[in-house]
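Coordinates from query_11.cif are shown below (mmCIF, C-alpha atoms).
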data_my_file
#
loop_
_atom_site.label_atom_id
_atom_site.label_comp_id
_atom_site.auth_asym_id
_atom_site.auth_seq_id
_atom_site.Cartn_x
_atom_site.Cartn_y
_atom_site.Cartn_z
CA MET C 5 17.98 24.46 -33.55
CA ASN C 6 16.75 20.96 -34.36
CA LYS C 7 19.31 18.23 -33.82
CA PRO C 8 19.46 15.33 -36.33
CA LEU C 9 17.38 12.24 -35.59
CA THR C 10 20.49 10.11 -35.07
CA GLU C 11 21.34 12.15 -31.98
CA HIS C 12 17.91 11.69 -30.44
CA SER C 13 17.41 9.29 -27.54
CA ASP C 14 15.32 6.15 -28.04
CA GLU C 15 12.38 7.68 -26.23
CA GLU C 16 12.51 10.83 -28.36
CA LEU C 17 12.63 8.76 -31.52
CA ILE C 18 9.64 6.62 -30.59
CA LYS C 19 7.75 9.79 -29.64
CA GLU C 20 8.59 11.25 -33.04
CA PHE C 21 7.45 8.03 -34.71
CA GLN C 22 4.23 7.97 -32.70
CA ASP C 23 3.38 11.65 -33.26
CA SER C 24 4.46 12.23 -36.86
CA ASN C 25 4.77 8.68 -38.15
CA THR C 26 8.34 9.53 -39.20
CA LEU C 27 9.74 6.41 -40.82
CA GLY C 28 13.28 7.77 -40.36
CA ALA C 29 12.90 7.58 -36.59
CA TYR C 30 11.69 4.00 -36.90
CA GLU C 31 14.65 3.06 -39.11
CA ILE C 32 17.14 4.52 -36.62
CA LEU C 33 15.56 2.51 -33.79
CA VAL C 34 15.72 -0.64 -35.94
CA LYS C 35 19.43 0.04 -36.62
CA ARG C 36 20.12 0.53 -32.92
CA TYR C 37 18.33 -2.58 -31.69
CA LYS C 38 18.61 -5.19 -34.41
CA ASP C 39 22.01 -6.49 -33.25
CA PRO C 40 21.35 -6.58 -29.47
CA LEU C 41 18.05 -8.29 -30.13
CA MET C 42 19.67 -10.78 -32.52
CA ASN C 43 22.22 -11.63 -29.87
CA PHE C 44 19.57 -12.01 -27.15
CA VAL C 45 17.23 -14.13 -29.27
CA TYR C 46 20.04 -16.29 -30.63
CA ARG C 47 21.32 -17.09 -27.13
CA PHE C 48 17.76 -17.86 -26.09
CA VAL C 49 16.54 -19.88 -29.09
CA GLY C 50 19.81 -21.19 -30.52
CA ASP C 51 18.96 -21.07 -34.21
CA ARG C 52 20.22 -18.29 -36.43
CA ASP C 53 17.47 -18.41 -39.09
CA VAL C 54 14.70 -18.63 -36.53
CA CYS C 55 16.38 -15.84 -34.60
CA THR C 56 16.35 -13.56 -37.69
CA ASP C 57 12.66 -14.25 -38.21
CA VAL C 58 11.87 -13.54 -34.56
CA VAL C 59 13.72 -10.20 -34.64
CA GLN C 60 12.00 -9.26 -37.93
CA ASP C 61 8.64 -10.07 -36.33
CA THR C 62 9.63 -8.00 -33.30
CA MET C 63 10.31 -5.00 -35.53
CA ILE C 64 7.04 -5.52 -37.42
CA LYS C 65 5.16 -5.72 -34.14
CA PHE C 66 6.88 -2.54 -33.00
CA TYR C 67 5.84 -0.87 -36.27
CA LEU C 68 2.23 -1.98 -36.00
CA ASN C 69 1.79 -1.39 -32.26
CA LYS C 70 3.83 1.75 -31.81
CA ASP C 71 0.97 3.43 -29.94
CA SER C 72 0.94 0.79 -27.23
CA TYR C 73 4.31 2.08 -26.01
CA ARG C 74 3.94 4.42 -23.03
CA SER C 75 6.56 7.07 -22.34
CA PHE C 76 7.01 6.11 -18.66
CA ALA C 77 8.79 2.90 -19.70
CA LYS C 78 12.19 2.65 -21.30
CA PHE C 79 12.07 1.86 -25.00
CA SER C 80 14.76 -0.80 -24.62
CA THR C 81 12.77 -2.75 -22.04
CA TRP C 82 9.64 -2.51 -24.20
CA ILE C 83 11.33 -3.88 -27.32
CA TYR C 84 13.11 -6.59 -25.31
CA THR C 85 9.74 -7.64 -23.88
CA ILE C 86 8.29 -8.03 -27.37
CA ALA C 87 11.30 -10.00 -28.56
CA GLY C 88 11.30 -12.18 -25.44
CA ASN C 89 7.62 -13.02 -25.83
CA LEU C 90 8.04 -13.92 -29.49
CA ALA C 91 11.09 -16.04 -28.68
CA LYS C 92 9.16 -17.89 -25.96
CA ASN C 93 6.31 -18.48 -28.39
CA GLU C 94 8.77 -19.87 -30.89
CA LEU C 95 10.19 -22.25 -28.31
CA LYS C 96 6.70 -23.45 -27.39
CA ARG C 97 5.87 -23.98 -31.04
CA ARG C 98 9.04 -26.00 -31.59
CA ARG C 99 8.39 -28.10 -28.52
CA ARG C 100 4.86 -28.82 -29.67
CA ARG C 101 6.06 -29.65 -33.15
CA SER C 102 8.62 -32.08 -31.76
CA ILE C 103 5.93 -33.72 -29.57
CA LEU C 104 3.41 -34.04 -32.40
CA SER C 105 5.95 -35.12 -35.00
CA LEU C 106 5.76 -38.87 -35.59
CA ASN C 107 9.04 -38.86 -37.44
CA ASN C 108 10.99 -37.25 -34.64
CA ASP C 109 14.37 -36.26 -35.96
CA ASP C 110 17.24 -36.20 -33.56
CA ASP C 111 18.51 -33.00 -35.19
CA GLU C 112 15.42 -31.12 -34.06
CA LYS C 113 16.05 -31.89 -30.43
CA THR C 114 18.01 -29.53 -28.20
CA PRO C 115 21.65 -30.12 -28.88
CA GLN C 116 23.54 -32.23 -26.40
CA ILE C 117 26.72 -31.05 -24.81
CA GLU C 118 29.78 -32.83 -25.96
CA ASP C 119 31.40 -35.12 -23.46
CA LYS C 120 34.66 -33.65 -22.42
CA SER C 121 36.31 -37.07 -22.28
CA PHE C 122 36.20 -37.21 -26.06
CA LEU C 123 38.06 -33.91 -26.40
CA ALA C 124 41.71 -33.36 -26.01
CA PRO C 125 42.62 -30.79 -23.30
CA ASP C 126 44.11 -28.39 -25.80
CA ARG C 127 40.92 -28.50 -27.89
CA ALA C 128 38.75 -27.95 -24.85
CA ALA C 129 40.69 -24.86 -24.07
CA ASP C 130 40.09 -23.55 -27.50
CA SER C 131 37.78 -20.57 -27.15
CA GLU C 132 35.66 -21.38 -30.16
CA ILE C 133 34.80 -24.81 -28.88
CA LYS C 134 34.32 -23.41 -25.43
CA ASN C 135 31.84 -20.87 -26.74
CA GLU C 136 30.03 -23.59 -28.60
CA MET C 137 29.82 -25.67 -25.44
CA ILE C 138 28.56 -22.71 -23.46
CA GLN C 139 25.85 -22.05 -26.05
CA LYS C 140 24.79 -25.69 -26.00
CA ALA C 141 24.73 -25.72 -22.22
CA LEU C 142 22.74 -22.53 -22.22
CA LEU C 143 20.08 -24.17 -24.35
CA LYS C 144 19.82 -26.97 -21.81
CA VAL C 145 19.03 -24.58 -18.99
CA LYS C 146 15.32 -24.13 -18.26
CA PRO C 147 13.89 -21.26 -20.38
CA VAL C 148 12.74 -19.30 -17.31
CA TYR C 149 16.31 -19.23 -15.99
CA ARG C 150 17.93 -18.95 -19.40
CA GLU C 151 16.10 -15.75 -20.27
CA VAL C 152 17.28 -13.89 -17.19
CA VAL C 153 20.84 -15.23 -17.42
CA VAL C 154 21.11 -14.09 -21.04
CA LEU C 155 19.69 -10.68 -20.22
CA ARG C 156 21.97 -10.21 -17.23
CA ASP C 157 25.24 -11.91 -18.15
CA ILE C 158 25.28 -11.59 -21.94
CA GLN C 159 23.20 -8.48 -22.65
CA ASP C 160 24.49 -6.80 -19.49
CA LEU C 161 21.14 -5.34 -18.43
CA SER C 162 20.47 -4.19 -14.87
CA TYR C 163 18.24 -6.15 -12.48
CA GLU C 164 15.64 -3.37 -12.69
CA GLU C 165 15.55 -3.57 -16.47
CA ILE C 166 15.26 -7.36 -16.38
CA SER C 167 12.48 -7.06 -13.83
CA GLU C 168 10.61 -4.70 -16.18
CA ILE C 169 11.16 -6.92 -19.22
CA THR C 170 10.09 -10.14 -17.54
CA GLY C 171 7.45 -8.62 -15.28
CA LEU C 172 9.00 -10.33 -12.25
CA ALA C 173 9.99 -8.91 -8.89
CA ILE C 174 13.66 -8.02 -8.55
CA GLY C 175 14.14 -10.68 -5.88
CA THR C 176 12.71 -13.31 -8.20
CA VAL C 177 14.97 -12.11 -11.00
CA LYS C 178 18.04 -12.41 -8.77
CA SER C 179 17.17 -15.87 -7.54
CA ARG C 180 16.42 -17.06 -11.06
CA ILE C 181 19.73 -15.70 -12.26
CA ASN C 182 21.52 -17.60 -9.49
CA ARG C 183 19.71 -20.81 -10.26
CA GLY C 184 20.39 -20.39 -13.96
CA ARG C 185 24.06 -19.80 -13.33
CA ALA C 186 24.22 -22.80 -11.03
CA GLN C 187 22.59 -25.01 -13.66
CA LEU C 188 24.95 -23.69 -16.29
CA GLN C 189 27.99 -24.25 -14.10
CA LYS C 190 26.82 -27.79 -13.39
CA LEU C 191 26.40 -28.48 -17.09
CA LEU C 192 29.83 -27.07 -17.79
CA LYS C 193 31.60 -28.59 -14.82
CA SER C 194 34.14 -30.12 -17.20
CA ILE C 195 35.35 -26.61 -18.00
CA TYR C 196 34.78 -24.81 -14.71
CA ARG C 197 36.33 -26.87 -11.96
CA GLU C 198 35.77 -25.31 -8.56
CA MET X 5 20.96 -10.01 0.62
CA ASN X 6 23.05 -8.15 -1.94
CA LYS X 7 26.13 -9.72 -0.39
CA ILE X 8 24.76 -13.16 -1.18
CA TYR X 9 24.31 -12.22 -4.81
CA ASN X 10 27.77 -10.62 -4.93
CA ASP X 11 29.24 -13.81 -3.46
CA ASN X 12 27.38 -15.68 -6.14
CA ASP X 13 28.93 -13.39 -8.77
CA ASN X 14 32.38 -14.22 -7.38
CA LYS X 15 31.56 -17.92 -7.27
CA HIS X 16 30.74 -17.96 -10.99
CA SER X 17 33.27 -15.31 -11.99
CA SER X 18 34.98 -17.32 -14.72
CA LEU X 19 31.63 -18.43 -16.15
CA LEU X 20 30.36 -14.86 -16.13
CA LYS X 21 33.54 -13.66 -17.81
CA ASP X 22 33.11 -16.23 -20.57
CA LEU X 23 29.43 -15.39 -20.98
CA LYS X 24 30.31 -11.73 -21.42
CA ASN X 25 32.99 -12.60 -23.95
CA LEU X 26 30.72 -14.75 -26.08
CA PRO X 27 30.84 -13.52 -29.67
CA LYS X 28 28.11 -11.04 -30.53
CA ILE X 29 25.63 -12.23 -33.10
CA ASN X 30 24.75 -9.58 -35.61
CA ALA X 31 21.78 -9.28 -37.90
CA PRO X 32 22.32 -10.27 -41.52
CA ASP X 33 23.17 -7.49 -43.98
CA ASN X 34 19.83 -7.63 -45.76
CA PHE X 35 17.89 -7.47 -42.47
CA GLU X 36 16.75 -3.87 -42.85
CA PHE X 37 16.04 -4.23 -46.56
CA ASN X 38 13.84 -7.28 -45.93
CA LEU X 39 12.09 -5.54 -43.07
CA MET X 40 11.30 -2.39 -45.05
CA THR X 41 10.13 -4.49 -48.01
CA ARG X 42 7.75 -6.35 -45.71
CA ILE X 43 6.44 -3.08 -44.36
CA GLU X 44 6.00 -1.53 -47.81
CA ASN X 45 4.22 -4.63 -49.12
CA LYS X 46 2.19 -4.82 -45.92
CA ASN X 47 3.34 -8.38 -45.53
CA PHE X 48 2.63 -8.60 -41.80
CA ASN X 49 1.94 -12.29 -41.41
CA LEU X 50 3.01 -12.55 -37.81
CA PRO X 51 3.04 -15.98 -36.17
CA GLU X 52 -0.07 -16.81 -34.23
CA GLU X 53 0.06 -16.85 -30.47
CA VAL X 54 0.61 -20.33 -29.12
CA GLN X 55 -2.53 -21.49 -27.36
CA PRO X 56 -2.10 -23.06 -23.95
CA LYS X 57 -2.02 -26.84 -23.85
CA PHE X 58 -5.27 -28.73 -23.57
CA ASN X 59 -5.69 -29.82 -19.99
CA LEU X 60 -8.29 -32.52 -19.40
CA PHE X 61 -8.67 -31.69 -15.73
CA LYS X 62 -9.21 -27.97 -16.42
CA PHE X 63 -11.59 -28.86 -19.23
CA LEU X 64 -13.71 -31.16 -17.05
CA ALA X 65 -13.68 -29.09 -13.87
CA PRO X 66 -16.59 -26.74 -14.74
CA SER X 67 -18.81 -29.56 -16.01
CA ALA X 68 -18.00 -31.60 -12.89
CA VAL X 69 -19.12 -28.67 -10.74
CA VAL X 70 -22.40 -28.40 -12.67
CA VAL X 71 -23.07 -32.15 -12.43
CA THR X 72 -22.37 -32.12 -8.68
CA ALA X 73 -24.71 -29.17 -8.21
CA VAL X 74 -27.50 -30.94 -10.12
CA LEU X 75 -26.98 -34.15 -8.14
CA LEU X 76 -27.07 -32.28 -4.85
CA PHE X 77 -30.26 -30.54 -5.96
CA PHE X 78 -31.97 -33.83 -6.76
CA ILE X 79 -30.75 -35.43 -3.55
CA PHE X 80 -31.85 -32.68 -1.19
CA TYR X 81 -34.77 -30.91 -2.87
CA PRO X 82 -37.37 -33.75 -2.89
CA ARG X 83 -36.62 -34.46 0.76
CA GLY X 84 -37.71 -30.92 1.61
CA GLU X 85 -40.86 -31.34 -0.46
CA GLN X 86 -41.76 -34.57 1.28
CA LEU X 87 -41.19 -32.97 4.65
CA ASN X 88 -43.58 -30.17 3.77
CA SER X 89 -46.33 -32.54 2.69
CA VAL X 90 -45.88 -34.64 5.82
CA GLN X 91 -46.20 -31.55 7.98
CA THR X 92 -49.35 -30.47 6.13
CA ASN X 93 -50.93 -33.89 6.63
CA LYS X 94 -50.10 -33.84 10.31
CA GLN X 95 -51.64 -30.42 10.88
CA GLN X 96 -54.80 -31.11 8.95
CA PRO X 97 -56.94 -33.12 11.41
CA LEU X 98 -56.29 -30.79 14.33
CA VAL X 99 -57.09 -27.66 12.36
CA SER X 100 -60.19 -29.10 10.75
CA GLN X 101 -61.40 -30.40 14.12
CA SER X 102 -61.02 -27.03 15.79
CA ILE X 103 -62.87 -25.27 12.98
CA ALA X 104 -65.64 -27.85 12.98
CA ASP X 105 -66.05 -27.37 16.71
CA ASN X 106 -66.06 -23.60 16.69
CA THR X 107 -67.78 -22.62 13.47
CA PRO X 108 -71.50 -23.11 13.13
CA THR X 109 -71.44 -22.24 9.42
CA ALA X 110 -68.64 -24.67 8.64
CA ASN X 111 -70.95 -27.69 8.48
CA THR X 112 -73.31 -26.15 5.99
CA GLN X 113 -70.42 -25.03 3.80
CA PHE X 114 -68.93 -28.48 4.02
CA VAL X 115 -72.16 -29.91 2.70
CA GLU X 116 -72.12 -27.44 -0.15
CA LYS X 117 -68.57 -28.37 -1.05
CA VAL X 118 -69.31 -32.08 -1.17
CA SER X 119 -70.98 -31.87 -4.58
CA PRO X 120 -69.05 -29.37 -6.66
CA LYS X 121 -70.80 -28.29 -9.84
CA LYS X 122 -68.93 -28.51 -13.13
CA GLU X 123 -69.41 -25.30 -15.04
CA ASN X 124 -67.54 -23.48 -17.76
CA PRO X 125 -64.53 -21.45 -16.57
CA ALA X 126 -66.05 -18.00 -17.24
CA VAL X 127 -69.14 -18.72 -15.19
CA ASN X 128 -67.03 -20.42 -12.56
CA GLN X 129 -64.76 -17.39 -12.30
CA LYS X 130 -67.77 -15.13 -11.89
CA GLN X 131 -69.21 -17.39 -9.25
CA ILE X 132 -65.94 -17.44 -7.38
CA THR X 133 -65.92 -13.67 -7.17
CA THR X 134 -69.52 -13.60 -5.90
CA GLU X 135 -68.59 -16.33 -3.47
CA ASP X 136 -65.69 -14.22 -2.31
CA PHE X 137 -68.08 -11.40 -1.56
CA GLN X 138 -70.41 -13.75 0.25
CA ASP X 139 -67.48 -15.04 2.24
CA GLN X 140 -66.48 -11.52 3.06
CA ALA X 141 -70.00 -10.71 4.21
CA LEU X 142 -70.05 -13.79 6.39
CA ARG X 143 -66.68 -12.95 7.81
CA ASP X 144 -67.70 -9.36 8.52
CA GLN X 145 -70.77 -10.59 10.28
CA ALA X 146 -68.78 -13.07 12.30
CA ARG X 147 -66.33 -10.36 13.25
CA ALA X 148 -69.19 -8.07 14.34
CA ASP X 149 -70.77 -10.87 16.42
CA ASN X 150 -67.38 -11.76 17.87
CA ARG X 151 -67.72 -15.30 16.56
CA PRO X 152 -64.95 -17.47 15.08
CA MET X 153 -64.25 -16.89 11.38
CA PRO X 154 -66.16 -19.16 8.99
CA LEU X 155 -64.37 -21.58 6.73
CA GLN X 156 -63.90 -20.08 3.30
CA ARG X 157 -65.47 -21.78 0.29
CA ASN X 158 -62.47 -21.67 -1.93
CA PRO X 159 -60.97 -25.17 -2.03
CA ASN X 160 -57.43 -23.96 -2.70
CA SER X 161 -57.22 -21.62 0.23
CA VAL X 162 -54.78 -22.97 2.77
CA SER X 163 -52.98 -19.98 4.27
CA VAL X 164 -53.59 -20.49 7.97
CA ASP X 165 -51.99 -17.22 9.02
CA ARG X 166 -54.14 -15.28 6.62
CA TYR X 167 -57.24 -17.01 7.96
CA ILE X 168 -56.27 -16.00 11.42
CA SER X 169 -55.49 -12.41 10.50
CA GLY X 170 -58.49 -12.33 8.12
CA ASP X 171 -56.92 -10.49 5.16
CA ASN X 172 -56.67 -13.15 2.47
CA PHE X 173 -59.66 -12.13 0.37
CA THR X 174 -57.55 -10.15 -2.11
CA ARG X 175 -55.54 -13.17 -3.29
CA SER X 176 -56.47 -15.24 -6.31
CA ASP X 177 -57.41 -18.87 -5.84
CA LEU X 178 -54.33 -20.26 -7.45
CA THR X 179 -51.90 -18.16 -5.47
CA ARG X 180 -53.69 -19.09 -2.29
CA GLY X 181 -53.08 -22.73 -3.07
CA ASN X 182 -49.48 -22.02 -3.93
CA ILE X 183 -48.68 -20.34 -0.66
CA VAL X 184 -48.29 -23.68 1.02
CA ASN X 185 -47.90 -25.93 -1.95
CA SER X 186 -44.98 -23.85 -3.32
CA GLY X 187 -45.55 -25.12 -6.84
CA ASP X 188 -47.54 -24.45 -9.94
CA GLN X 189 -50.09 -27.18 -9.36
CA PRO X 190 -53.28 -26.25 -7.54
CA LEU X 191 -53.52 -27.99 -4.21
CA GLU X 192 -55.56 -31.16 -4.07
CA GLY X 193 -56.49 -30.50 -0.46
CA ASN X 194 -59.76 -28.78 0.29
CA GLY X 195 -58.37 -26.02 2.43
CA PHE X 196 -57.87 -27.69 5.76
CA LEU X 197 -59.70 -30.82 4.67
CA PHE X 198 -58.96 -33.07 1.78
CA LYS X 199 -61.61 -33.46 -0.88
CA GLN X 200 -63.82 -36.45 -0.40
CA ARG X 201 -66.69 -37.58 -2.58
CA MET X 202 -69.63 -38.14 -0.31
CA SER X 203 -72.08 -40.90 -1.04
CA GLN X 204 -75.71 -40.02 -1.86
CA GLN X 205 -76.86 -41.82 1.24
CA THR X 206 -74.73 -39.74 3.56
CA LEU X 207 -75.79 -36.61 1.74
CA LYS X 208 -79.42 -37.54 2.16
CA ARG X 209 -78.87 -38.17 5.85
CA TYR X 210 -77.22 -34.78 6.28
CA ARG X 211 -80.12 -33.13 4.48
CA GLU X 212 -82.59 -34.89 6.76
CA VAL X 213 -80.67 -33.68 9.78
CA VAL X 214 -80.68 -30.14 8.46
CA ASP X 215 -84.38 -30.32 7.60
CA SER X 216 -85.24 -31.68 11.01
CA LEU X 217 -83.20 -28.92 12.60
CA LYS X 218 -85.05 -26.34 10.53
CA LYS X 219 -88.37 -27.88 11.48
CA ALA X 220 -87.36 -27.88 15.11
CA GLN X 221 -86.33 -24.25 14.80
CA LEU X 222 -89.71 -23.40 13.24
CA ARG X 223 -91.52 -25.25 16.01
CA LEU X 224 -89.48 -23.46 18.60
CA ASP X 225 -90.29 -20.12 16.99
CA SER X 226 -94.00 -20.91 16.92
CA LEU X 227 -93.90 -21.99 20.56
CA LYS X 228 -92.15 -18.76 21.48
CA LYS X 229 -94.76 -16.77 19.61
CA ALA X 230 -97.50 -18.72 21.31
CA SER X 231 -95.97 -18.12 24.72
CA LYS X 232 -95.71 -14.39 23.99
CA ILE X 233 -99.48 -14.13 23.22
CA PRO X 234 -101.13 -12.65 26.27
CA GLN X 235 -103.76 -14.83 27.85
#

As structure tokens, how would this structure be written, given the file I've shared?
Amino acid sequence: MNKPLTEHSDEELIKEFQDSNTLGAYEILVKRYKDPLMNFVYRFVGDRDVCTDVVQDTMIKFYLNKDSYRSFAKFSTWIYTIAGNLAKNELKRRRRRSILSLNNDDDEKTPQIEDKSFLAPDRAADSEIKNEMIQKALLKVKPVYREVVVLRDIQDLSYEEISEITGLAIGTVKSRINRGRAQLQKLLKSIYRE
Amino acid sequence: MNKIYNDNDNKHSSLLKDLKNLPKINAPDNFEFNLMTRIENKNFNLPEEVQPKFNLFKFLAPSAVVVTAVLLFFIFYPRGEQLNSVQTNKQQPLVSQSIADNTPTANTQFVEKVSPKKENPAVNQKQITTEDFQDQALRDQARADNRPMPLQRNPNSVSVDRYISGDNFTRSDLTRGNIVNSGDQPLEGNGFLFKQRMSQQTLKRYREVVDSLKKAQLRLDSLKKASKIPQ
């Protein structure tokens, strides 16, 4: 008895999409991954509109290059790799644009973290502001560290999965995560007193 | 190693907790609709890959290598050429002297070479081949008589080893010259000797010497015949 597509695993769905070009399988995969990818790209790039475009492009790339997926890899790591590469490209493009732009707007620059001295203690404790500060601090961390920290501590992926996505050795992934966390902690030392 | 990373997890525990509790960002409601519309309309204008930054050093490195190679070539190559020509000049008198001493036919050939005739190339080519055969005949004769090899007529022939071994008759004139010269230009040197225009006076003197020698030879022959006549 054939089970419905919604009960298929990611790998079964991509196989179905590759073999029969079933658009239903593709749509289910898009439904499953659009939100995790949005979250990952937003934490990495920091702009909601850009993030939506990047995830759309990721899904288009997945649609066009479905045959480049090989069954020995996990589908999740494959789609995260595509999204990560597009996000990195977007960051490079923005950096270049900001360098080339003669009329360099301050708004286009990476947001600065608010100085805690200007905030009242009760406001600083407020979770919304805290989240905002964490996001801003995250964007100040070097992209190579930021990517792995987001994947590990926000997306909750395993070291092995991160290693596959980034193409780095597990040891490198671990050390980058530690450095990223240390940078983040340093940036947020006003909140996290040791 | 894992312990270090676990310690690190504990060290940043509150940060990690907050990172995990960050609000999840969801895709907008029209995300799927927009995506499927793009696919149906085949509107796949994906952003172009960002090209790596222009690096002046990387850009200039290959051309710098080429320029260095060319400079090195011009610095070292002519020195080698000069060395070769110097060595050839040094060897020349000794070789020519030894041949002049040992070869009775060398003098007559030298006289022949002094006044080269200017002919059209076709005739010249033909003559060279007949000369080659003559040379070969002379060389065969010399070999049979166990005499030293005669000097070859070809002015471009300079391969000493081949003269010694006696198997250079198959080579063309130009390639013979190029063995030592290592270039496309035919060698100016006349084999072991450099070409020299001889004055008419000297030529006349040489002819007189040769004639007198011939006369002497004839006289000697007649005397021998006379002595052989029984009395």

Query raised in the report: For the file shown, what are the residues hit by the PyMOL selection byres ((chain C) within 9 of (chain X)), laid out as number ranges by chain?
Result: C: 31, 34-35, 38-44, 46-47, 52, 56, 59-61, 63-65, 67-68, 90, 93-94, 96-97, 134-135, 138-139, 154, 157-160, 178-179, 182, 185-186, 188-189, 192, 196, 198

Query raised in the report: Mind telling me what the PyMOL selection byres ((chain C and resi 143-149) around 10) catches here, as number ranges by chain?
Result: C: 47-50, 92, 95, 114-117, 137-142, 150-154, 170, 177, 179-188, 191

Query - Computed interatomic separation between atom CA of C:Phe21 and atom CA of C:Thr85 (Å) - result: 19.2 Å

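For the atom pair formed by atom CA of C:Phe66 and atom CA of C:Ile18, the distance is 9.9 Å, given to one decimal.
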
Query raised in the report: Between atom CA of C:Ala173 and atom CA of C:Ser13, what is the distance, to one decimal in Å?
Result: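 Rounded to one decimal, the two atoms are 27.1 Å apart.
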
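This file gives the following result for the PyMOL selection byres ((chain C and resi 164-169) around 9): Ala77, Lys78, Ser80, Thr81, Trp82, Ile83, Tyr84, Thr85, Ile86, Gly88, Val152, Leu155, Arg156, Leu161, Ser162, Tyr163, Thr170, Gly171, Leu172, Ala173, Ile174, Gly175, Thr176 and Val177 of chain C.
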
Which centre and edge lengths in Å to one decimal define the box along x, y and z that fits every listed atom of stretch 62-73 of chain C plus 8 Å per side, as AutoDock Vina command-line options?
--center_x 5.6 --center_y -2.3 --center_z -31.7 --size_x 25.4 --size_y 27.4 --size_z 27.4

Requested in this report: Tell me, as a list in words, which residues lie within 8 Å of C:Ala29, counting only C-alpha atoms; anything in the same chain fewer than 3 positions away does not count.
Outcome: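 The filter keeps Leu9, Leu17, Ile18, Glu20, Phe21, Thr26, Ile32 and Leu33 of chain C.
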
Output stretch 142-146 of chain C from the block with all heavy atoms, as a PDB file, in the first residue's frame?
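Output file part10.pdb follows:
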ATOM      1  N   LEU C 142      25.429  39.140  16.867  1.00  0.00           N
ATOM      2  CA  LEU C 142      25.669  38.024  15.960  1.00  0.00           C
ATOM      3  C   LEU C 142      26.167  38.522  14.600  1.00  0.00           C
ATOM      4  O   LEU C 142      27.069  37.933  13.989  1.00  0.00           O
ATOM      5  CB  LEU C 142      24.350  37.251  15.786  1.00  0.00           C
ATOM      6  CG  LEU C 142      24.398  35.767  15.430  1.00  0.00           C
ATOM      7  CD1 LEU C 142      25.318  35.001  16.352  1.00  0.00           C
ATOM      8  CD2 LEU C 142      22.995  35.193  15.491  1.00  0.00           C
ATOM      9  N   LEU C 143      25.584  39.620  14.156  1.00  0.00           N
ATOM     10  CA  LEU C 143      25.983  40.175  12.855  1.00  0.00           C
ATOM     11  C   LEU C 143      27.376  40.813  12.899  1.00  0.00           C
ATOM     12  O   LEU C 143      27.946  41.104  11.849  1.00  0.00           O
ATOM     13  CB  LEU C 143      24.957  41.204  12.371  1.00  0.00           C
ATOM     14  CG  LEU C 143      23.580  40.630  12.022  1.00  0.00           C
ATOM     15  CD1 LEU C 143      22.600  41.737  11.706  1.00  0.00           C
ATOM     16  CD2 LEU C 143      23.662  39.661  10.867  1.00  0.00           C
ATOM     17  N   LYS C 144      27.867  41.037  14.102  1.00  0.00           N
ATOM     18  CA  LYS C 144      29.220  41.603  14.221  1.00  0.00           C
ATOM     19  C   LYS C 144      30.289  40.517  14.289  1.00  0.00           C
ATOM     20  O   LYS C 144      31.477  40.808  14.125  1.00  0.00           O
ATOM     21  CB  LYS C 144      29.319  42.483  15.474  1.00  0.00           C
ATOM     22  CG  LYS C 144      28.524  43.761  15.345  1.00  0.00           C
ATOM     23  CD  LYS C 144      29.105  44.865  16.157  1.00  0.00           C
ATOM     24  CE  LYS C 144      30.134  45.629  15.340  1.00  0.00           C
ATOM     25  NZ  LYS C 144      30.782  46.692  16.112  1.00  0.00           N
ATOM     26  N   VAL C 145      29.851  39.295  14.506  1.00  0.00           N
ATOM     27  CA  VAL C 145      30.805  38.182  14.544  1.00  0.00           C
ATOM     28  C   VAL C 145      31.240  37.884  13.105  1.00  0.00           C
ATOM     29  O   VAL C 145      30.450  38.052  12.168  1.00  0.00           O
ATOM     30  CB  VAL C 145      30.135  36.934  15.181  1.00  0.00           C
ATOM     31  CG1 VAL C 145      31.046  35.721  15.104  1.00  0.00           C
ATOM     32  CG2 VAL C 145      29.766  37.223  16.625  1.00  0.00           C
ATOM     33  N   LYS C 146      32.468  37.450  12.939  1.00  0.00           N
ATOM     34  CA  LYS C 146      32.981  37.142  11.597  1.00  0.00           C
ATOM     35  C   LYS C 146      32.087  36.100  10.932  1.00  0.00           C
ATOM     36  O   LYS C 146      31.702  35.107  11.575  1.00  0.00           O
ATOM     37  CB  LYS C 146      34.396  36.574  11.697  1.00  0.00           C
ATOM     38  CG  LYS C 146      35.461  37.610  11.767  1.00  0.00           C
ATOM     39  CD  LYS C 146      36.807  36.923  11.664  1.00  0.00           C
ATOM     40  CE  LYS C 146      37.934  37.928  11.611  1.00  0.00           C
ATOM     41  NZ  LYS C 146      39.239  37.264  11.530  1.00  0.00           N
TER      42      LYS C 146
END
